[in-house]
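Structure, as structure tokens:
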Amino acid sequence: MTGIEAILHHNGFGMAAVGVTIVFTALVTLSLIISQLHKLLLVWEERETYINKARRMFSLLGPKEVRRAKNGEKQAKAKYIASIKESSRQFNILIQAMGEPFSLPELIRIAESLGIESPYAAVAHLIEGDLIIPDQKGFYLWNHEAYNSLSKRS
Amino acid sequence: MHHLDAEELKNLKIFRDLLPDEWTEVYALLNRQKIIEGEQLIREGEQAHTFFIILRGHFMIHYGDGRAVTLNKKGDIIGWSSVIRPFQYTANVTALTAGEVLSIPGDRFLELLQKNAELGDKLVKRVNELVSKRQAID
Amino acid sequence: MEMFLDFFSNTGFALADYRNLIMLGIGMLFIYLGIAKDYEPLLLVPIGFGILLGNIPVFKGLGLSIYESNSVLHYLYYGVTQGIYPPLIFMGIGAMTDFSTLLARPVLMLLGAAAQTGIFLTFLGALALGFAPNEAASIGIIGGADGPTAIFLTAKLAKELIGPIAVAAYSYMALVPVIQPPIMRLLTTRKERLIRMEEPRQVSKREKLIFPIIAVLLCCYTAPAALPLLGLLFLGNLLKEAVVTERLAQAARTSVIDTVTILLGMTVGASTQANVFLTSKSIGIFVLGAISFCIATAAGLLFAKIMNLFLKQKINPLLGAAGVSAVPDSARVVQMVGRAEDDTNFLLMHAMAPNVSGVIGSAVGAGILWSFIVG
């Protein structure tokens, strides 16, 4: 069997038409999606802005909440100062007993053995707050001046 | 590792000069690792297999004789002995705070440097700059 | 003396007939074209050498011929007949293809779809010439200008035609620079060929990462039979774009694809033994294949012209010719023809978009034909 008859016999026209349609559908849909993809990603990247906008629109974050958030920040700062004050007091005593210059790992070891809370992080905070300063030879010194001024802060 | 922070990592001083192709190769070696307070990353005398780049946190490099130096800058390097003979760590490293580091297997890093001399040259120069800027304790 | 004559009667010299000599000539021509003319050498050299291997007449029963079930060549050929090699090649292609031009101008994807019309028109032509539907589908896919896809579909539908179809597909792919330019010039005006394309926008890493995932899900949900090809194509692409899997991507685009190409080329070549290859069907396949290829090129070009009727920012219709998926040869041809008119017009980067979408389109087309014929 040949010619149109063969095509009709095997439903060739139907298969070709449906085939071309499916190829086009798949690629057109894919191209539509990817043409919008970068816009969706932009929205995603800017989600914080959009969420805040939406919140403002629905007044979810009223003046009270803003005040509360600001108060929260203040409280956290005060808490941090209180904690650094407390650990500086403990480490001041410890360092006086050890003598200066002192070894940082040794200080931590003793602090740990005495049950001081989070001795590693406390030491890091004291270094960041310039209460513990390096002597440039691998050992450390207690910054009495900084400690005194911190103690005077309310 | 989260792929989307590639740009952020590329801005680290050590990687800043790399060409896109070189960066792609180096990036494939990086692993992001979270560290908890007090965690010991490196022990003196042990076989050095990994080096680290600080992303966040405060770390203490300390020696058996009590000396120590602390690092807390993003991009600081720890454990460089893993790419220098005899591949043995020469100090201990302990995390003072919780943090995050990039860990890089030393042998794979060396393989990469051997494969690409230009890249190796760039990175080693950068590392030397970074390490030499550290607080001298000797 | 009798022993000598016995031995001689079993050698290739005594067993060969004129058809083997013709095939040896074809094999050597392939090797020549690959090495001397640099036409797709990575394909034509292994295929050409395979043709030489396949046309050394051997004793039946010794397990030497590719068609004997206990032969080494037969085992290597298994990857072809079971459709294993083509998806692996697709993985390599995915790992080396940058889809960013496509992501920057998705509308060019339609050109890749339009060029697949050639597949279906040739399918009708082959049916009209008396080929069975499974054979007609395998012949039609040659118009996709994608060797692995053609082999994959033929392996699934008409194993006995793998040799001629693969050789036809790869020959036409190699001859893209010869076949396409006249059609391109015929169907476009000089003014159209001079159209400059707008600079594509920058594509973000996130887009490139998400694309293979969306594409595989969408295409394979639409045409599930395209899964082996597109699944691995997009896996390869994800490995490339993920960066953290660079080692795997590197393996896929070098060692894996190279190894598979050698095995595929050589065994496809060896399957073209004179008695199975030199038949009237093969001639029909070659003629229809050429027509299919020309229709695909023309369909892409004409569709681009039609799109220009609706687009504000006109596209250079030459890009339509890159809709056939011979990557990156047809894109290079677009660049060549475009530069012949204006040597400051660079179309290569733009032509890669329809080119890679042609790869996706022909795989979807193959999947559809497979499901129609088997289903």
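Each chain in the structure tokens gets a letter, A, B and so on, in the order shown; residues start at 1 in every chain, and ligands are counted from 1 in the order they appear.
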
Residue set, segment 131-350 of chain C restricted to helix (DSSP H, G or I), as a PyMOL selection string: chain C and resi 133-144+147-157+159-174+176-187+190-193+205-222+224-242+246-270+274-277+280-310+317-323+329-341+348-350

Exercise answer, chain C residues close to chain A, 9 Å and only C-alpha atoms, as JSON, numbers by chain: {"C": [102, 103, 104, 105, 106, 107, 108, 109, 110, 112, 113, 114, 116, 117, 119, 120, 121, 123, 124, 125, 126, 127, 128, 129, 130, 131, 132, 133, 203, 204, 206, 207, 210, 211, 214, 215, 218, 219, 222, 223, 357, 360, 361, 362, 364, 365, 368, 369, 372]}

Selected residues written out with N, CA and C atoms, as a compact mmCIF listing (two decimals), in the first residue's frame:
# COMPACT_ATOMS: atom_id res chain seq x y z
N LEU C 102 18.77 30.84 25.60
CA LEU C 102 17.37 30.43 25.51
C LEU C 102 16.55 31.07 26.63
N LEU C 103 17.14 31.11 27.82
CA LEU C 103 16.44 31.71 28.95
C LEU C 103 16.28 33.22 28.74
N ALA C 104 17.23 33.82 28.06
CA ALA C 104 17.15 35.26 27.84
C ALA C 104 16.07 35.60 26.82
N ARG C 105 15.91 34.75 25.80
CA ARG C 105 14.87 35.02 24.79
C ARG C 105 14.07 33.74 24.54
N PRO C 106 13.16 33.41 25.44
CA PRO C 106 12.43 32.14 25.32
C PRO C 106 11.62 32.05 24.03
N VAL C 107 11.28 33.20 23.45
CA VAL C 107 10.45 33.15 22.24
C VAL C 107 11.17 32.40 21.10
N LEU C 108 12.50 32.39 21.15
CA LEU C 108 13.26 31.70 20.11
C LEU C 108 13.08 30.17 20.18
N MET C 109 12.53 29.74 21.29
CA MET C 109 12.28 28.31 21.45
C MET C 109 11.28 27.81 20.40
N LEU C 110 10.41 28.71 19.97
CA LEU C 110 9.40 28.31 18.99
C LEU C 110 10.06 27.87 17.68
N GLY C 112 12.76 26.22 17.43
CA GLY C 112 13.17 24.83 17.64
C GLY C 112 11.98 23.90 17.48
N ALA C 113 10.80 24.39 17.88
CA ALA C 113 9.60 23.57 17.74
C ALA C 113 9.21 23.48 16.26
N ALA C 114 9.30 24.62 15.57
CA ALA C 114 8.87 24.66 14.16
C ALA C 114 9.70 23.71 13.30
N GLN C 116 10.81 20.99 13.98
CA GLN C 116 10.44 19.58 14.15
C GLN C 116 9.28 19.17 13.24
N THR C 117 8.68 20.15 12.58
CA THR C 117 7.63 19.84 11.62
C THR C 117 8.18 18.91 10.55
N ILE C 119 10.11 16.47 10.86
CA ILE C 119 10.03 15.07 11.31
C ILE C 119 8.68 14.48 10.90
N PHE C 120 7.63 15.24 11.18
CA PHE C 120 6.29 14.69 10.97
C PHE C 120 5.90 14.67 9.50
N LEU C 121 6.37 15.66 8.73
CA LEU C 121 6.07 15.65 7.30
C LEU C 121 6.79 14.48 6.62
N PHE C 123 7.62 11.75 8.05
CA PHE C 123 6.91 10.55 8.53
C PHE C 123 5.76 10.24 7.56
N LEU C 124 5.03 11.28 7.17
CA LEU C 124 3.93 11.09 6.21
C LEU C 124 4.47 10.63 4.86
N GLY C 125 5.58 11.28 4.43
CA GLY C 125 6.19 10.91 3.15
C GLY C 125 6.62 9.45 3.13
N ALA C 126 7.22 9.01 4.24
CA ALA C 126 7.69 7.62 4.31
C ALA C 126 6.51 6.65 4.30
N LEU C 127 5.43 7.03 4.99
CA LEU C 127 4.23 6.17 4.97
C LEU C 127 3.71 6.07 3.53
N ALA C 128 3.71 7.22 2.84
CA ALA C 128 3.20 7.24 1.46
C ALA C 128 4.07 6.39 0.54
N LEU C 129 5.35 6.27 0.86
CA LEU C 129 6.23 5.46 0.01
C LEU C 129 6.14 3.97 0.34
N GLY C 130 5.32 3.62 1.31
CA GLY C 130 5.10 2.22 1.60
C GLY C 130 5.86 1.68 2.79
N PHE C 131 6.56 2.57 3.52
CA PHE C 131 7.24 2.10 4.73
C PHE C 131 6.19 1.84 5.81
N ALA C 132 6.48 0.85 6.66
CA ALA C 132 5.58 0.58 7.78
C ALA C 132 5.67 1.76 8.76
N PRO C 133 4.64 1.99 9.61
CA PRO C 133 4.66 3.16 10.51
C PRO C 133 5.91 3.22 11.39
N VAL C 203 21.29 36.54 32.38
CA VAL C 203 20.48 35.50 33.02
C VAL C 203 21.13 35.14 34.35
N SER C 204 20.30 35.06 35.40
CA SER C 204 20.90 34.81 36.72
C SER C 204 21.19 33.32 36.90
N ARG C 206 20.36 31.56 39.39
CA ARG C 206 19.15 30.87 39.88
C ARG C 206 18.31 30.36 38.73
N GLU C 207 18.13 31.23 37.71
CA GLU C 207 17.32 30.82 36.55
C GLU C 207 17.91 29.59 35.89
N ILE C 210 17.22 26.54 37.97
CA ILE C 210 15.83 26.08 38.03
C ILE C 210 15.39 25.51 36.69
N PHE C 211 15.97 26.06 35.60
CA PHE C 211 15.52 25.67 34.27
C PHE C 211 15.52 24.15 34.03
N ILE C 214 12.53 22.53 35.86
CA ILE C 214 11.22 22.84 35.28
C ILE C 214 11.09 22.14 33.92
N ALA C 215 12.15 22.23 33.12
CA ALA C 215 12.07 21.69 31.76
C ALA C 215 11.86 20.18 31.77
N LEU C 218 8.23 19.45 32.97
CA LEU C 218 7.21 19.85 32.00
C LEU C 218 7.25 18.96 30.75
N CYS C 219 8.44 18.81 30.16
CA CYS C 219 8.54 18.04 28.92
C CYS C 219 8.18 16.58 29.14
N THR C 222 4.57 16.02 29.69
CA THR C 222 3.83 16.16 28.43
C THR C 222 4.08 14.96 27.52
N ALA C 223 5.33 14.57 27.38
CA ALA C 223 5.67 13.43 26.52
C ALA C 223 6.55 12.48 27.31
N SER C 357 16.96 24.43 21.75
CA SER C 357 15.54 24.05 21.91
C SER C 357 15.19 23.00 20.86
N ILE C 360 15.73 19.73 22.47
CA ILE C 360 14.59 19.37 23.33
C ILE C 360 13.42 18.95 22.44
N GLY C 361 13.17 19.75 21.39
CA GLY C 361 12.03 19.48 20.51
C GLY C 361 12.14 18.13 19.83
N SER C 362 13.33 17.79 19.33
CA SER C 362 13.44 16.51 18.62
C SER C 362 13.30 15.33 19.58
N VAL C 364 11.42 15.40 22.29
CA VAL C 364 9.97 15.31 22.56
C VAL C 364 9.29 14.64 21.36
N GLY C 365 9.68 15.05 20.14
CA GLY C 365 9.11 14.46 18.92
C GLY C 365 9.33 12.96 18.89
N ILE C 368 7.09 11.23 21.31
CA ILE C 368 5.70 11.18 20.84
C ILE C 368 5.54 10.06 19.81
N LEU C 369 6.46 10.01 18.84
CA LEU C 369 6.35 8.98 17.80
C LEU C 369 6.43 7.58 18.43
N PHE C 372 3.18 6.81 20.06
CA PHE C 372 2.11 6.57 19.06
C PHE C 372 2.22 5.17 18.46

Residue hits in chain C, query chain B, radius 9 Å, only C-alpha atoms, as a PyMOL selection string: chain C and resi 205-206+242-247

Output file for the selection above: N, CA and C atoms, as a PDB file, in the first residue's frame:
ATOM      1  N   LYS C 205      22.069  33.074  37.862  1.00  0.00           N
ATOM      2  CA  LYS C 205      22.449  31.690  38.164  1.00  0.00           C
ATOM      3  C   LYS C 205      21.216  30.894  38.612  1.00  0.00           C
ATOM      4  N   ARG C 206      20.357  31.561  39.390  1.00  0.00           N
ATOM      5  CA  ARG C 206      19.153  30.872  39.884  1.00  0.00           C
ATOM      6  C   ARG C 206      18.309  30.364  38.731  1.00  0.00           C
ATOM      7  N   ALA C 242      24.953  23.405  38.767  1.00  0.00           N
ATOM      8  CA  ALA C 242      24.992  23.365  40.229  1.00  0.00           C
ATOM      9  C   ALA C 242      26.361  23.765  40.771  1.00  0.00           C
ATOM     10  N   VAL C 243      27.384  23.717  39.931  1.00  0.00           N
ATOM     11  CA  VAL C 243      28.757  24.063  40.294  1.00  0.00           C
ATOM     12  C   VAL C 243      29.356  23.107  41.333  1.00  0.00           C
ATOM     13  N   VAL C 244      28.595  22.824  42.396  1.00  0.00           N
ATOM     14  CA  VAL C 244      29.121  21.930  43.424  1.00  0.00           C
ATOM     15  C   VAL C 244      29.322  20.522  42.883  1.00  0.00           C
ATOM     16  N   THR C 245      28.667  20.211  41.759  1.00  0.00           N
ATOM     17  CA  THR C 245      28.819  18.880  41.161  1.00  0.00           C
ATOM     18  C   THR C 245      29.705  18.965  39.917  1.00  0.00           C
ATOM     19  N   GLU C 246      30.574  19.957  39.915  1.00  0.00           N
ATOM     20  CA  GLU C 246      31.402  20.193  38.741  1.00  0.00           C
ATOM     21  C   GLU C 246      32.181  18.943  38.315  1.00  0.00           C
ATOM     22  N   ARG C 247      32.637  18.171  39.298  1.00  0.00           N
ATOM     23  CA  ARG C 247      33.395  16.952  38.951  1.00  0.00           C
ATOM     24  C   ARG C 247      32.559  16.001  38.109  1.00  0.00           C
TER      25      ARG C 247
END

Selection: 9 Å around segment 121-124 of chain B, only C-alpha atoms, excl. self and same-chain fewer than 3 positions, as a PyMOL selection string: chain B and resi 14-15+17-18+113+116-118+127-129

Just to be explicit: take each residue in the selection above, keep C-alpha atoms, and write the result as a tab-separated table (two decimals), in the first residue's frame.
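Generated output (again_0.tsv):
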chain	number	residue	atom	x	y	z
B	14	ILE	CA	41.27	34.73	48.89
B	15	PHE	CA	39.00	34.12	45.90
B	17	ASP	CA	41.10	37.50	41.85
B	18	LEU	CA	39.93	34.22	40.38
B	113	LEU	CA	46.87	23.64	42.34
B	116	ASN	CA	46.51	24.64	37.25
B	117	ALA	CA	49.75	26.39	38.07
B	118	GLU	CA	48.45	29.89	37.46
B	127	VAL	CA	47.06	33.00	51.41
B	128	ASN	CA	50.55	34.22	52.16
B	129	GLU	CA	49.24	37.77	52.32

12 Å contacts from chain B to chain A using only C-alpha atoms, as a PyMOL selection string: chain B and resi 4+36-40+57-73+92-99+134-138

File of the preceding selection, N, CA and C atoms, as an mmCIF file, in the first residue's frame:
data_model
loop_
_atom_site.group_PDB
_atom_site.id
_atom_site.type_symbol
_atom_site.label_atom_id
_atom_site.label_comp_id
_atom_site.auth_asym_id
_atom_site.auth_seq_id
_atom_site.Cartn_x
_atom_site.Cartn_y
_atom_site.Cartn_z
ATOM 1 N N LEU B 4 23.557 29.048 46.156
ATOM 2 C CA LEU B 4 23.217 30.430 45.844
ATOM 3 C C LEU B 4 24.130 31.453 46.508
ATOM 4 N N ILE B 36 30.214 24.554 66.611
ATOM 5 C CA ILE B 36 29.607 24.976 67.889
ATOM 6 C C ILE B 36 30.691 25.507 68.829
ATOM 7 N N GLU B 37 30.242 26.228 69.823
ATOM 8 C CA GLU B 37 31.177 26.814 70.788
ATOM 9 C C GLU B 37 32.011 25.717 71.445
ATOM 10 N N GLY B 38 33.309 25.938 71.520
ATOM 11 C CA GLY B 38 34.184 24.986 72.196
ATOM 12 C C GLY B 38 34.633 23.823 71.315
ATOM 13 N N GLU B 39 34.141 23.761 70.100
ATOM 14 C CA GLU B 39 34.495 22.642 69.218
ATOM 15 C C GLU B 39 35.954 22.768 68.779
ATOM 16 N N GLN B 40 36.675 21.646 68.869
ATOM 17 C CA GLN B 40 38.077 21.692 68.434
ATOM 18 C C GLN B 40 38.161 21.262 66.969
ATOM 19 N N GLY B 57 32.241 33.735 63.230
ATOM 20 C CA GLY B 57 32.654 33.157 64.504
ATOM 21 C C GLY B 57 34.057 33.582 64.911
ATOM 22 N N HIS B 58 34.414 33.208 66.155
ATOM 23 C CA HIS B 58 35.690 33.601 66.744
ATOM 24 C C HIS B 58 36.469 32.317 67.048
ATOM 25 N N PHE B 59 37.691 32.228 66.566
ATOM 26 C CA PHE B 59 38.453 30.991 66.703
ATOM 27 C C PHE B 59 39.792 31.266 67.389
ATOM 28 N N MET B 60 40.242 30.290 68.151
ATOM 29 C CA MET B 60 41.515 30.451 68.857
ATOM 30 C C MET B 60 42.508 29.407 68.345
ATOM 31 N N ILE B 61 43.664 29.909 67.881
ATOM 32 C CA ILE B 61 44.746 29.005 67.486
ATOM 33 C C ILE B 61 45.664 28.949 68.698
ATOM 34 N N HIS B 62 45.882 27.776 69.249
ATOM 35 C CA HIS B 62 46.708 27.716 70.462
ATOM 36 C C HIS B 62 47.715 26.586 70.391
ATOM 37 N N TYR B 63 48.844 26.839 71.062
ATOM 38 C CA TYR B 63 49.965 25.898 71.023
ATOM 39 C C TYR B 63 50.109 25.227 72.379
ATOM 40 N N GLY B 64 50.869 24.144 72.385
ATOM 41 C CA GLY B 64 51.074 23.374 73.615
ATOM 42 C C GLY B 64 51.709 24.192 74.732
ATOM 43 N N ASP B 65 52.488 25.214 74.369
ATOM 44 C CA ASP B 65 53.184 25.998 75.397
ATOM 45 C C ASP B 65 52.327 27.118 75.970
ATOM 46 N N GLY B 66 51.053 27.143 75.624
ATOM 47 C CA GLY B 66 50.144 28.129 76.229
ATOM 48 C C GLY B 66 49.926 29.373 75.381
ATOM 49 N N ARG B 67 50.713 29.552 74.321
ATOM 50 C CA ARG B 67 50.511 30.749 73.483
ATOM 51 C C ARG B 67 49.240 30.579 72.649
ATOM 52 N N ALA B 68 48.669 31.688 72.270
ATOM 53 C CA ALA B 68 47.437 31.615 71.464
ATOM 54 C C ALA B 68 47.242 32.895 70.667
ATOM 55 N N VAL B 69 46.504 32.761 69.602
ATOM 56 C CA VAL B 69 46.125 33.929 68.821
ATOM 57 C C VAL B 69 44.667 33.693 68.420
ATOM 58 N N THR B 70 43.901 34.751 68.322
ATOM 59 C CA THR B 70 42.496 34.530 67.952
ATOM 60 C C THR B 70 42.200 35.166 66.590
ATOM 61 N N LEU B 71 41.279 34.556 65.879
ATOM 62 C CA LEU B 71 40.880 35.035 64.551
ATOM 63 C C LEU B 71 39.368 35.149 64.511
ATOM 64 N N ASN B 72 38.889 36.232 63.969
ATOM 65 C CA ASN B 72 37.426 36.336 63.840
ATOM 66 C C ASN B 72 37.011 37.085 62.584
ATOM 67 N N LYS B 73 37.962 37.270 61.654
ATOM 68 C CA LYS B 73 37.582 37.999 60.441
ATOM 69 C C LYS B 73 37.123 37.022 59.377
ATOM 70 N N ASN B 92 46.691 23.840 67.724
ATOM 71 C CA ASN B 92 45.292 23.444 67.956
ATOM 72 C C ASN B 92 44.401 24.612 67.562
ATOM 73 N N VAL B 93 43.215 24.286 67.102
ATOM 74 C CA VAL B 93 42.263 25.372 66.820
ATOM 75 C C VAL B 93 40.930 25.031 67.480
ATOM 76 N N THR B 94 40.438 25.956 68.284
ATOM 77 C CA THR B 94 39.168 25.742 68.978
ATOM 78 C C THR B 94 38.241 26.922 68.695
ATOM 79 N N ALA B 95 36.967 26.599 68.524
ATOM 80 C CA ALA B 95 35.993 27.666 68.280
ATOM 81 C C ALA B 95 35.607 28.295 69.612
ATOM 82 N N LEU B 96 35.764 29.595 69.715
ATOM 83 C CA LEU B 96 35.355 30.275 70.949
ATOM 84 C C LEU B 96 33.854 30.534 70.936
ATOM 85 N N THR B 97 33.329 30.797 69.754
ATOM 86 C CA THR B 97 31.876 31.007 69.632
ATOM 87 C C THR B 97 31.351 30.059 68.567
ATOM 88 N N ALA B 98 30.035 29.958 68.515
ATOM 89 C CA ALA B 98 29.451 29.184 67.405
ATOM 90 C C ALA B 98 29.772 29.941 66.124
ATOM 91 N N GLY B 99 29.946 29.229 65.051
ATOM 92 C CA GLY B 99 30.291 29.923 63.801
ATOM 93 C C GLY B 99 30.134 29.031 62.606
ATOM 94 N N ARG B 134 48.551 38.201 59.932
ATOM 95 C CA ARG B 134 48.105 37.778 61.251
ATOM 96 C C ARG B 134 49.014 38.332 62.332
ATOM 97 N N GLN B 135 48.426 38.382 63.483
ATOM 98 C CA GLN B 135 49.179 38.831 64.638
ATOM 99 C C GLN B 135 50.398 37.913 64.834
ATOM 100 N N ALA B 136 51.598 38.497 64.809
ATOM 101 C CA ALA B 136 52.801 37.671 64.955
ATOM 102 C C ALA B 136 52.979 37.313 66.424
ATOM 103 N N ILE B 137 53.222 36.043 66.685
ATOM 104 C CA ILE B 137 53.399 35.659 68.093
ATOM 105 C C ILE B 137 54.741 34.975 68.325
ATOM 106 N N ASP B 138 55.533 34.867 67.236
ATOM 107 C CA ASP B 138 56.819 34.177 67.443
ATOM 108 C C ASP B 138 57.907 35.143 67.879
#

Neighbour list for Ala321 of chain C as a PyMOL selection string, cut-off 10 Å, only C-alpha atoms, skip fewer than 4 positions in-chain: chain C and resi 111-112+114-115+180-181+183-184+294+296-304+317+325+330-331+333-334+351+354-355

Strand (DSSP E) call set, DSSP backbone run, segment 35-130 of chain B, as a ChimeraX atom specification: /B:35,40-42,50-56,59-62,68-71,77-78,92-95,99-105

Point-to-point distance in Å for atom CA of Phe30 of chain C and atom CA of Leu175 of chain C: 11.6 Å

12 Å contact set for Thr90 of chain B, only C-alpha atoms, chain neighbours under 2 positions out, as a PyMOL selection string: chain B and resi 42-48+61-64+78-82+84-88+92-93

Please produce a file of the residues just selected, as an mmCIF file, in the first residue's frame, where the atoms kept are N, CA and C atoms.
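And here is the file that came out, again_15.cif:
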data_model
loop_
_atom_site.group_PDB
_atom_site.id
_atom_site.type_symbol
_atom_site.label_atom_id
_atom_site.label_comp_id
_atom_site.auth_asym_id
_atom_site.auth_seq_id
_atom_site.Cartn_x
_atom_site.Cartn_y
_atom_site.Cartn_z
ATOM 1 N N ILE B 42 40.987 21.507 65.012
ATOM 2 C CA ILE B 42 42.298 20.985 64.638
ATOM 3 C C ILE B 42 43.079 20.629 65.891
ATOM 4 N N ARG B 43 43.794 19.480 65.830
ATOM 5 C CA ARG B 43 44.661 19.105 66.952
ATOM 6 C C ARG B 43 46.111 19.116 66.501
ATOM 7 N N GLU B 44 46.953 19.708 67.312
ATOM 8 C CA GLU B 44 48.368 19.803 66.993
ATOM 9 C C GLU B 44 48.975 18.413 66.818
ATOM 10 N N GLY B 45 49.779 18.234 65.777
ATOM 11 C CA GLY B 45 50.482 16.970 65.574
ATOM 12 C C GLY B 45 49.707 15.972 64.733
ATOM 13 N N GLU B 46 48.410 16.199 64.590
ATOM 14 C CA GLU B 46 47.619 15.257 63.791
ATOM 15 C C GLU B 46 47.863 15.469 62.310
ATOM 16 N N GLN B 47 47.543 14.435 61.534
ATOM 17 C CA GLN B 47 47.718 14.557 60.092
ATOM 18 C C GLN B 47 46.790 15.659 59.558
ATOM 19 N N ALA B 48 47.372 16.563 58.793
ATOM 20 C CA ALA B 48 46.569 17.705 58.323
ATOM 21 C C ALA B 48 45.871 17.332 57.020
ATOM 22 N N ILE B 61 43.664 29.909 67.881
ATOM 23 C CA ILE B 61 44.746 29.005 67.486
ATOM 24 C C ILE B 61 45.664 28.949 68.698
ATOM 25 N N HIS B 62 45.882 27.776 69.249
ATOM 26 C CA HIS B 62 46.708 27.716 70.462
ATOM 27 C C HIS B 62 47.715 26.586 70.391
ATOM 28 N N TYR B 63 48.844 26.839 71.062
ATOM 29 C CA TYR B 63 49.965 25.898 71.023
ATOM 30 C C TYR B 63 50.109 25.227 72.379
ATOM 31 N N GLY B 64 50.869 24.144 72.385
ATOM 32 C CA GLY B 64 51.074 23.374 73.615
ATOM 33 C C GLY B 64 51.709 24.192 74.732
ATOM 34 N N ILE B 78 42.561 28.988 58.378
ATOM 35 C CA ILE B 78 43.031 28.132 59.467
ATOM 36 C C ILE B 78 43.445 26.790 58.869
ATOM 37 N N GLY B 79 44.556 26.250 59.358
ATOM 38 C CA GLY B 79 44.933 24.888 58.967
ATOM 39 C C GLY B 79 45.676 24.795 57.658
ATOM 40 N N TRP B 80 46.441 25.816 57.363
ATOM 41 C CA TRP B 80 47.150 25.859 56.090
ATOM 42 C C TRP B 80 48.182 24.727 55.983
ATOM 43 N N SER B 81 48.550 24.107 57.118
ATOM 44 C CA SER B 81 49.533 23.014 57.075
ATOM 45 C C SER B 81 49.050 21.850 56.222
ATOM 46 N N SER B 82 47.732 21.802 55.968
ATOM 47 C CA SER B 82 47.225 20.670 55.184
ATOM 48 C C SER B 82 47.713 20.717 53.747
ATOM 49 N N ILE B 84 50.923 22.028 53.156
ATOM 50 C CA ILE B 84 52.383 22.217 53.245
ATOM 51 C C ILE B 84 52.996 20.977 53.884
ATOM 52 N N ARG B 85 54.069 20.493 53.283
ATOM 53 C CA ARG B 85 54.758 19.349 53.886
ATOM 54 C C ARG B 85 55.197 19.704 55.297
ATOM 55 N N PRO B 86 55.199 18.816 56.245
ATOM 56 C CA PRO B 86 54.873 17.388 56.151
ATOM 57 C C PRO B 86 53.404 17.093 56.401
ATOM 58 N N PHE B 87 52.525 18.029 56.074
ATOM 59 C CA PHE B 87 51.078 17.824 56.219
ATOM 60 C C PHE B 87 50.691 17.410 57.636
ATOM 61 N N GLN B 88 51.191 18.191 58.591
ATOM 62 C CA GLN B 88 50.868 17.932 59.992
ATOM 63 C C GLN B 88 50.448 19.252 60.627
ATOM 64 N N ASN B 92 46.691 23.840 67.724
ATOM 65 C CA ASN B 92 45.292 23.444 67.956
ATOM 66 C C ASN B 92 44.401 24.612 67.562
ATOM 67 N N VAL B 93 43.215 24.286 67.102
ATOM 68 C CA VAL B 93 42.263 25.372 66.820
ATOM 69 C C VAL B 93 40.930 25.031 67.480
#

Distance in Å - atom CA of Leu141 of chain A versus atom CA of Gly75 of chain B: 26.4 Å

Between atom CA of Asn70 of chain C and atom CA of Ile165 of chain C - distance in Å to one decimal: 24.6 Å

Among listed residues B:Leu9, B:Ile53, B:Val131, B:Leu112, nearest Gln33 of chain B (using only C-alpha atoms):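 The closest residue to Gln33 of chain B is B:Ile53.
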
Neighbour list for Ala168 of chain C as a list in words, cut-off 7 Å, only C-alpha atoms, skip fewer than 3 positions in-chain: Pro164, Ile165, Ser171, Tyr172, Phe286 and Gly289 of chain C

Print the selection's residues with N, CA and C atoms to a file, as a compact mmCIF listing (two decimals), in the first residue's frame.
# COMPACT_ATOMS: atom_id res chain seq x y z
N PRO C 164 21.47 2.09 8.54
CA PRO C 164 21.25 3.14 7.56
C PRO C 164 20.75 4.46 8.16
N ILE C 165 19.88 4.36 9.18
CA ILE C 165 19.36 5.62 9.76
C ILE C 165 20.45 6.39 10.49
N SER C 171 25.54 11.59 8.64
CA SER C 171 26.06 12.17 7.39
C SER C 171 25.44 13.55 7.19
N TYR C 172 24.13 13.65 7.40
CA TYR C 172 23.50 14.94 7.17
C TYR C 172 23.93 15.95 8.22
N PHE C 286 17.93 7.25 2.81
CA PHE C 286 18.83 8.37 2.53
C PHE C 286 18.10 9.52 1.83
N GLY C 289 15.60 11.00 4.26
CA GLY C 289 16.36 11.69 5.32
C GLY C 289 16.77 13.07 4.85
